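File shown: work.txt. Contents: compact mmCIF, C-alpha atoms.
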```txt
# COMPACT_ATOMS: atom_id res chain seq x y z
CA MET A 233 -11.54 7.43 19.51
CA PRO A 234 -11.34 4.29 21.68
CA LYS A 235 -8.40 2.03 21.13
CA PRO A 236 -8.95 -1.55 19.92
CA PRO A 237 -8.45 -4.51 22.21
CA SER A 238 -4.96 -5.67 23.18
CA ILE A 239 -3.37 -8.69 21.54
CA PRO A 240 -1.87 -10.95 24.22
CA CYS A 241 -2.18 -13.85 21.79
CA VAL A 242 0.81 -12.24 20.12
CA SER A 243 2.71 -11.21 23.23
CA ARG A 244 2.51 -14.66 24.77
CA ARG A 245 4.92 -15.85 22.13
CA GLY A 246 7.24 -12.91 22.61
CA PHE A 247 6.10 -11.32 19.40
CA ILE A 248 5.12 -7.98 20.92
CA ARG A 249 8.57 -7.47 22.43
CA GLY A 250 10.33 -8.16 19.16
CA ALA A 251 7.95 -6.18 17.01
CA THR A 252 7.91 -3.23 19.39
CA ALA A 253 11.68 -3.08 19.36
CA ALA A 254 11.63 -3.16 15.58
CA LEU A 255 9.09 -0.37 15.23
CA THR A 256 10.62 2.96 16.17
CA GLY A 257 7.97 5.23 17.53
CA LEU A 258 5.25 2.56 17.73
CA ALA A 259 2.22 3.98 19.47
CA LEU A 260 1.57 2.13 22.70
CA GLY A 261 -1.22 2.96 25.07
CA ALA A 262 -2.99 1.44 28.03
CA GLU A 263 -6.71 2.00 28.17
CA ALA A 264 -7.87 2.86 31.64
CA LYS A 265 -11.37 2.19 32.98
CA GLY A 266 -11.59 4.26 36.16
CA SER A 267 -8.68 3.09 38.24
CA GLN A 268 -8.29 -0.16 36.29
CA ILE A 269 -5.50 -0.39 33.73
CA ALA A 270 -5.64 -2.92 30.90
CA GLU A 271 -3.24 -5.81 31.41
CA GLU A 272 -1.72 -5.37 27.94
CA PRO A 273 -1.21 -2.20 25.92
CA SER A 274 -3.39 -1.62 22.88
CA ILE A 275 -1.24 -1.61 19.78
CA ILE A 276 -2.01 0.09 16.49
CA PRO A 277 0.99 1.00 14.37
CA PRO A 278 1.16 4.72 13.54
CA GLU A 279 0.02 6.04 10.19
CA ASP A 280 3.56 5.93 8.78
CA TYR A 281 4.03 2.26 9.72
CA ARG A 282 5.46 0.08 6.95
CA ILE A 283 5.91 -3.71 6.85
CA LYS A 284 9.45 -4.46 7.96
CA PHE A 285 10.25 -8.15 7.45
CA GLY A 286 8.13 -9.13 4.45
CA ARG A 287 8.49 -12.89 4.95
CA VAL A 288 4.75 -13.11 4.35
CA LYS A 289 3.69 -11.76 0.95
CA GLN A 290 0.71 -9.79 2.18
CA SER A 291 -2.43 -9.00 0.22
CA VAL A 292 -5.81 -7.62 1.28
CA MET A 293 -9.40 -8.34 0.27
CA ALA A 294 -10.57 -4.84 -0.58
CA TRP A 295 -14.29 -5.49 -0.17
CA CYS A 296 -13.80 -5.96 3.58
CA PHE A 297 -12.70 -2.36 4.05
CA LYS A 298 -15.69 -0.61 2.52
CA PRO A 299 -16.80 2.18 2.64
CA ILE A 300 -13.20 3.40 2.28
CA PRO A 301 -12.91 4.63 -1.35
CA GLU A 302 -10.88 2.25 -3.48
CA ALA A 303 -8.24 4.79 -4.46
CA GLU A 304 -7.69 5.72 -0.80
CA LEU A 305 -7.39 2.08 0.20
CA ILE A 306 -4.95 1.37 -2.61
CA GLU A 307 -2.74 4.24 -1.49
CA ALA A 308 -2.90 3.06 2.14
CA CYS A 309 -1.82 -0.42 1.06
CA ARG A 310 1.07 1.03 -0.93
CA LYS A 311 2.25 3.04 2.07
CA LEU A 312 2.03 -0.07 4.25
CA GLY A 313 4.22 -2.00 1.84
CA LEU A 314 1.65 -4.64 0.94
CA ALA A 315 2.73 -6.83 -1.95
CA ALA A 316 -0.69 -7.18 -3.56
CA MET A 317 -4.45 -6.60 -3.45
CA GLU A 318 -7.56 -8.57 -4.46
CA GLY A 319 -11.34 -8.47 -4.14
CA ILE A 320 -11.54 -5.20 -6.05
CA GLY A 321 -12.98 -4.22 -9.41
CA ALA A 322 -10.81 -4.84 -12.47
CA GLU A 323 -11.05 -1.14 -13.31
CA PHE A 324 -8.68 -0.53 -10.38
CA TYR A 325 -6.07 -3.08 -11.49
CA PRO A 326 -4.04 -0.51 -13.48
CA LEU A 327 -3.84 1.80 -10.44
CA ILE A 328 -2.76 -1.06 -8.17
CA LYS A 329 0.00 -2.04 -10.58
CA GLN A 330 0.98 1.61 -11.03
CA LYS A 331 1.50 1.75 -7.24
CA GLY A 332 3.92 -1.18 -7.46
CA MET A 333 1.62 -3.93 -6.19
CA GLN A 334 0.34 -7.11 -7.82
CA ILE A 335 -3.13 -8.53 -8.26
CA ALA A 336 -3.01 -11.64 -6.06
CA LEU A 337 -6.34 -13.20 -7.00
CA VAL A 338 -8.96 -12.68 -9.71
CA SER A 339 -12.62 -13.52 -9.16
CA GLY A 340 -13.78 -16.59 -11.05
CA GLY A 341 -16.99 -14.76 -11.90
CA HIS A 342 -19.47 -17.46 -10.91
CA GLY A 343 -19.58 -16.74 -7.17
CA PHE A 344 -19.88 -19.15 -4.26
CA LYS A 345 -23.60 -19.77 -4.75
CA THR A 346 -23.72 -20.55 -8.47
CA GLY A 347 -21.07 -23.25 -8.69
CA PRO A 348 -20.59 -26.26 -10.94
CA LEU A 349 -22.21 -28.62 -8.42
CA SER A 350 -25.50 -28.16 -10.26
CA PRO A 351 -25.39 -29.31 -13.91
CA GLU A 352 -27.50 -26.35 -14.99
CA ASN A 353 -24.64 -24.06 -13.97
CA ARG A 354 -21.95 -25.96 -15.87
CA GLN A 355 -21.59 -23.84 -19.01
CA PHE A 356 -21.98 -20.59 -17.09
CA CYS A 357 -19.13 -21.56 -14.75
CA VAL A 358 -16.92 -22.75 -17.61
CA ASP A 359 -17.42 -19.49 -19.51
CA LYS A 360 -16.81 -17.30 -16.45
CA LEU A 361 -13.72 -19.22 -15.37
CA ARG A 362 -12.21 -19.00 -18.84
CA GLU A 363 -12.79 -15.24 -18.89
CA ALA A 364 -11.16 -14.94 -15.46
CA ILE A 365 -8.15 -17.03 -16.48
CA HIS A 366 -7.57 -14.81 -19.51
CA LEU A 367 -7.86 -11.70 -17.31
CA ALA A 368 -5.47 -13.11 -14.70
CA ALA A 369 -2.90 -13.90 -17.36
CA GLU A 370 -3.29 -10.41 -18.82
CA VAL A 371 -2.68 -8.63 -15.50
CA GLY A 372 -0.08 -11.07 -14.16
CA ALA A 373 -2.24 -12.48 -11.36
CA PRO A 374 -1.24 -15.99 -10.27
CA ASN A 375 -4.68 -17.16 -9.13
CA VAL A 376 -8.35 -17.37 -10.08
CA ILE A 377 -10.86 -18.33 -7.40
CA THR A 378 -13.55 -20.97 -7.85
CA PHE A 379 -16.20 -22.57 -5.62
CA THR A 380 -18.30 -25.72 -5.53
CA GLY A 381 -21.55 -23.80 -5.16
CA MET A 382 -24.47 -24.55 -2.85
CA ARG A 383 -26.10 -27.94 -2.43
CA ALA A 384 -28.89 -28.47 -4.95
CA PRO A 385 -32.08 -30.54 -4.59
CA GLY A 386 -31.79 -33.89 -6.28
CA VAL A 387 -27.99 -33.77 -6.66
CA SER A 388 -26.28 -36.49 -4.65
CA ASP A 389 -22.83 -36.02 -3.16
CA GLU A 390 -21.39 -38.45 -5.68
CA GLN A 391 -22.95 -36.54 -8.58
CA ALA A 392 -21.94 -33.19 -7.09
CA ASP A 393 -18.31 -34.32 -6.95
CA LYS A 394 -18.48 -35.54 -10.54
CA ASN A 395 -20.08 -32.32 -11.78
CA CYS A 396 -17.47 -30.11 -10.08
CA VAL A 397 -14.49 -32.16 -11.21
CA GLU A 398 -15.70 -32.35 -14.82
CA CYS A 399 -16.22 -28.57 -14.95
CA TRP A 400 -12.74 -27.84 -13.62
CA LYS A 401 -11.18 -30.41 -15.91
CA GLU A 402 -12.77 -28.57 -18.83
CA VAL A 403 -11.08 -25.26 -17.96
CA ILE A 404 -7.81 -26.47 -16.41
CA PRO A 405 -6.00 -26.89 -19.77
CA LEU A 406 -6.40 -23.13 -20.31
CA ALA A 407 -5.10 -22.45 -16.81
CA GLU A 408 -2.09 -24.65 -17.54
CA GLU A 409 -1.48 -22.87 -20.83
CA LYS A 410 -1.66 -19.44 -19.22
CA GLY A 411 0.29 -20.35 -16.07
CA VAL A 412 -2.60 -19.50 -13.75
CA ASN A 413 -3.78 -21.45 -10.70
CA LEU A 414 -7.45 -22.31 -10.31
CA CYS A 415 -8.00 -22.11 -6.54
CA LEU A 416 -10.96 -23.87 -4.94
CA GLU A 417 -12.03 -22.09 -1.76
CA HIS A 418 -13.28 -24.06 1.21
CA LEU A 419 -15.99 -22.13 3.12
CA ASN A 420 -17.64 -22.77 6.46
CA SER A 421 -21.34 -23.65 6.61
CA ARG A 422 -21.66 -23.29 10.40
CA ASP A 423 -21.92 -19.53 10.91
CA ASP A 424 -25.35 -18.18 9.96
CA THR A 425 -25.03 -14.80 11.66
CA HIS A 426 -23.89 -12.82 8.62
CA PRO A 427 -23.93 -13.49 4.85
CA MET A 428 -20.12 -13.25 4.63
CA LYS A 429 -19.15 -14.91 7.91
CA GLY A 430 -20.54 -18.30 6.97
CA HIS A 431 -22.39 -19.96 4.11
CA PRO A 432 -25.01 -22.52 5.24
CA GLY A 433 -25.65 -24.96 2.43
CA TYR A 434 -22.23 -24.56 0.78
CA TYR A 435 -21.11 -27.94 -0.53
CA GLY A 436 -17.32 -27.55 -0.21
CA ASP A 437 -17.40 -27.01 3.55
CA ASP A 438 -14.91 -29.76 4.45
CA VAL A 439 -11.33 -28.86 3.60
CA ASP A 440 -10.27 -32.52 3.38
CA HIS A 441 -13.05 -33.14 0.86
CA CYS A 442 -11.95 -30.09 -1.14
CA VAL A 443 -8.43 -31.47 -1.37
CA ASP A 444 -9.84 -34.79 -2.57
CA LEU A 445 -11.69 -32.94 -5.37
CA ILE A 446 -8.49 -31.09 -6.29
CA LYS A 447 -6.60 -34.38 -6.49
CA ARG A 448 -9.25 -35.77 -8.86
CA VAL A 449 -8.70 -32.87 -11.27
CA ASP A 450 -5.07 -34.01 -11.34
CA SER A 451 -3.34 -30.84 -12.47
CA PRO A 452 -0.51 -28.82 -10.93
CA ARG A 453 -2.65 -25.75 -11.65
CA MET A 454 -5.62 -26.91 -9.55
CA LYS A 455 -5.04 -25.59 -6.03
CA LEU A 456 -6.69 -24.98 -2.67
CA LEU A 457 -7.54 -21.56 -1.31
CA PHE A 458 -6.74 -22.26 2.34
CA ASP A 459 -8.85 -19.78 4.29
CA ILE A 460 -7.58 -20.09 7.86
CA TYR A 461 -10.80 -18.58 9.26
CA HIS A 462 -13.07 -21.07 7.49
CA VAL A 463 -10.77 -24.03 8.19
CA GLN A 464 -10.71 -23.22 11.90
CA VAL A 465 -14.51 -22.90 12.07
CA MET A 466 -15.18 -26.17 10.21
CA ASN A 467 -12.17 -28.44 10.79
CA GLY A 468 -9.58 -26.95 13.13
CA ASP A 469 -6.07 -28.43 13.49
CA VAL A 470 -4.91 -25.62 11.21
CA VAL A 471 -1.13 -25.99 11.45
CA ARG A 472 -1.19 -29.75 10.89
CA ARG A 473 -3.46 -29.28 7.86
CA ILE A 474 -1.12 -26.63 6.45
CA ARG A 475 1.75 -29.11 6.66
CA GLN A 476 -0.41 -31.91 5.26
CA TYR A 477 -1.71 -29.92 2.28
CA ILE A 478 1.16 -27.52 1.56
CA ASP A 479 1.65 -28.92 -1.96
CA TYR A 480 -1.96 -28.07 -2.81
CA ILE A 481 -2.22 -24.61 -1.23
CA GLY A 482 -2.21 -21.86 -3.84
CA HIS A 483 -3.53 -18.94 -1.80
CA VAL A 484 -4.30 -18.12 1.86
CA HIS A 485 -6.86 -15.90 3.62
CA THR A 486 -6.90 -14.76 7.26
CA ALA A 487 -9.39 -13.35 9.78
CA GLY A 488 -10.15 -13.61 13.48
CA VAL A 489 -12.19 -16.54 14.83
CA PRO A 490 -14.95 -16.41 15.84
CA GLY A 491 -16.62 -13.45 14.17
CA ARG A 492 -14.24 -12.78 11.27
CA GLY A 493 -12.98 -9.62 12.96
CA GLU A 494 -9.49 -8.31 13.67
CA MET A 495 -6.69 -10.72 14.60
CA ASP A 496 -6.54 -9.56 18.22
CA ASP A 497 -6.94 -11.12 21.67
CA THR A 498 -10.71 -11.49 21.34
CA GLN A 499 -10.22 -14.42 18.95
CA GLU A 500 -8.76 -17.90 19.23
CA ILE A 501 -6.06 -18.16 16.58
CA ASN A 502 -2.43 -17.35 17.33
CA TYR A 503 -1.71 -15.94 13.87
CA PRO A 504 2.05 -15.37 14.23
CA ALA A 505 2.51 -19.05 15.08
CA VAL A 506 0.27 -20.17 12.21
CA LEU A 507 2.05 -17.93 9.70
CA ARG A 508 5.47 -19.07 10.87
CA ALA A 509 4.31 -22.66 10.30
CA LEU A 510 3.14 -21.69 6.82
CA ILE A 511 6.54 -20.20 5.99
CA GLU A 512 8.40 -23.16 7.49
CA ALA A 513 6.31 -25.51 5.36
CA GLY A 514 7.67 -23.74 2.29
CA TYR A 515 4.69 -21.63 1.23
CA LYS A 516 5.70 -18.87 -1.21
CA GLY A 517 2.30 -17.45 -2.26
CA PHE A 518 0.18 -14.56 -1.05
CA VAL A 519 -1.61 -14.31 2.30
CA ALA A 520 -4.55 -11.89 2.31
CA GLN A 521 -6.28 -10.09 5.17
CA GLU A 522 -9.99 -10.85 4.89
CA CYS A 523 -11.28 -9.73 8.26
CA ILE A 524 -14.40 -7.59 8.47
CA PRO A 525 -13.18 -4.72 10.68
CA THR A 526 -15.15 -3.98 13.83
CA TRP A 527 -13.05 -0.99 14.86
CA GLU A 528 -14.08 2.53 13.94
CA ASP A 529 -10.59 3.16 12.51
CA LYS A 530 -10.68 0.71 9.61
CA LEU A 531 -7.30 1.76 8.24
CA GLY A 532 -5.93 1.29 11.75
CA ALA A 533 -7.35 -2.24 11.66
CA LEU A 534 -5.59 -2.77 8.32
CA ARG A 535 -2.27 -1.59 9.76
CA HIS A 536 -2.76 -3.75 12.83
CA GLY A 537 -3.39 -6.80 10.66
CA ALA A 538 -0.32 -6.09 8.56
CA TRP A 539 1.75 -5.76 11.73
CA VAL A 540 0.47 -9.03 13.22
CA MET A 541 1.17 -10.86 9.95
CA ASP A 542 4.69 -9.47 9.56
CA VAL A 543 6.41 -12.38 11.31
```
Would you write the structure of this file as structure tokens?
Amino acid sequence: MPKPPSIPCVSRRGFIRGATAALTGLALGAEAKGSQIAEEPSIIPPEDYRIKFGRVKQSVMAWCFKPIPEAELIEACRKLGLAAMEGIGAEFYPLIKQKGMQIALVSGGHGFKTGPLSPENRQFCVDKLREAIHLAAEVGAPNVITFTGMRAPGVSDEQADKNCVECWKEVIPLAEEKGVNLCLEHLNSRDDTHPMKGHPGYYGDDVDHCVDLIKRVDSPRMKLLFDIYHVQVMNGDVVRRIRQYIDYIGHVHTAGVPGRGEMDDTQEINYPAVLRALIEAGYKGFVAQECIPTWEDKLGALRHGAWVMDV
């Protein structure tokens, strides 16, 4: 099986040297093409690799790693030493907890298309969010995800803001009572190549605007889901925005840019540097892998992501 690309974006900061020294028996290989040798070794931790430092509380979005069966993925995450999982059916929550992991994030139930932006969705979103908050409290998950929804004909930006804020204000007292964060996710509307790489027409596509909406709800339980992939695609200046919005960030997602693939040298974000900045800013929550693997060895991609994020 061919090895994945090298990750000089990590080695440039000296991360490869430190991580390699820390990982006894790490599999290193140089992929040759005829007489040409790759400049950097390809690095996938071996199957028995386990997160060493744990400064980042790692989670994983399970849907990204289909078609791996859920039980197999849960066991792989346990062996890796991940702290939590998300993006998986509630029927698997007991198994995840049995394996010693947490549920990092519960789906709000209304999806990114059918959000409170449109008044006709208001009661549906309120009902679904209340159900999700109860579920999160029951399983000990700190966060429930919510979205603005897609732009709707006849709904102005001013009215869209008002509709979203009023919906969240209706459910936030329950979130406060249960000790659960309601996390608004910012999504990019630029990428139209794949239904999960970008969301043309999504209203909350400006992270600064999303924070403004969160401020209007005016609750310590209304937070931002800071998806580094989406922020980079739409806004950029990721580290400065982390520092600027650290008090509002309740959850974090990662993936390579562009393409939402592995966090290797084919993409533009230096994830170790970004994650160190997140830690230095005082973030204590979960950070989830949400790349869509391009490598044939999807569990290898999971281990690689866990290794890159273990700063």
Computed gap from atom CA of A:Pro374 to atom CA of A:Asn502 is 27.7 Å
Pick out the residues sitting within 9 Å of A:Ala505, and hand them over as an mmCIF file with C-alpha atoms, in the frame of the given file; count all atoms listed in the file, and ignore anything fewer than 2 positions along from it in its own chain.
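In the end it all went to part.cif:
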```
data_model
loop_
_atom_site.group_PDB
_atom_site.id
_atom_site.type_symbol
_atom_site.label_atom_id
_atom_site.label_comp_id
_atom_site.auth_asym_id
_atom_site.auth_seq_id
_atom_site.Cartn_x
_atom_site.Cartn_y
_atom_site.Cartn_z
ATOM 1 C CA VAL A 242 0.810 -12.240 20.120
ATOM 2 C CA ARG A 245 4.920 -15.850 22.130
ATOM 3 C CA VAL A 471 -1.130 -25.990 11.450
ATOM 4 C CA ILE A 501 -6.060 -18.160 16.580
ATOM 5 C CA ASN A 502 -2.430 -17.350 17.330
ATOM 6 C CA TYR A 503 -1.710 -15.940 13.870
ATOM 7 C CA LEU A 507 2.050 -17.930 9.700
ATOM 8 C CA ARG A 508 5.470 -19.070 10.870
ATOM 9 C CA ALA A 509 4.310 -22.660 10.300
ATOM 10 C CA LEU A 510 3.140 -21.690 6.820
ATOM 11 C CA VAL A 543 6.410 -12.380 11.310
#
```
Shell around A:Met382 at 12 Å using only C-alpha atoms, local window under 4 positions removed, as a list in words: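 Here the answer would be His342, Gly343, Phe344, Lys345, Thr346, Gly347, Pro348, Leu349, Ser350, Asn353, Val387, Asp389, Ala392, Cys396, His418, Leu419, Asn420, Ser421, His431, Pro432, Gly433, Tyr434, Tyr435, Gly436 and Asp437 of chain A.
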Calculate, to one decimal in Å, the centre and edge lengths of the box along x, y and z of the file that holds all listed atoms of stretch 365-375 of chain A with 4 Å of margin on each side, and present them as lines of an AutoDock Vina configuration file.
```
center_x = -4.1
center_y = -12.9
center_z = -14.3
size_x = 16.1
size_y = 16.5
size_z = 18.4
```
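Contact shell of A:His366 at 12 Å (only C-alpha atoms; same-chain neighbours under 6 positions omitted): Val338, Ser339, Gly340, Asp359, Lys360, Gly372, Ala373, Pro374, Asn375, Val376, Val403, Leu406, Ala407, Glu408, Glu409, Lys410, Gly411, Val412, Asn413 and Leu414 of chain A.
The gap separating atom CA of A:Leu531 from atom CA of A:Gly488 is 16.5 Å, in Å to one decimal.
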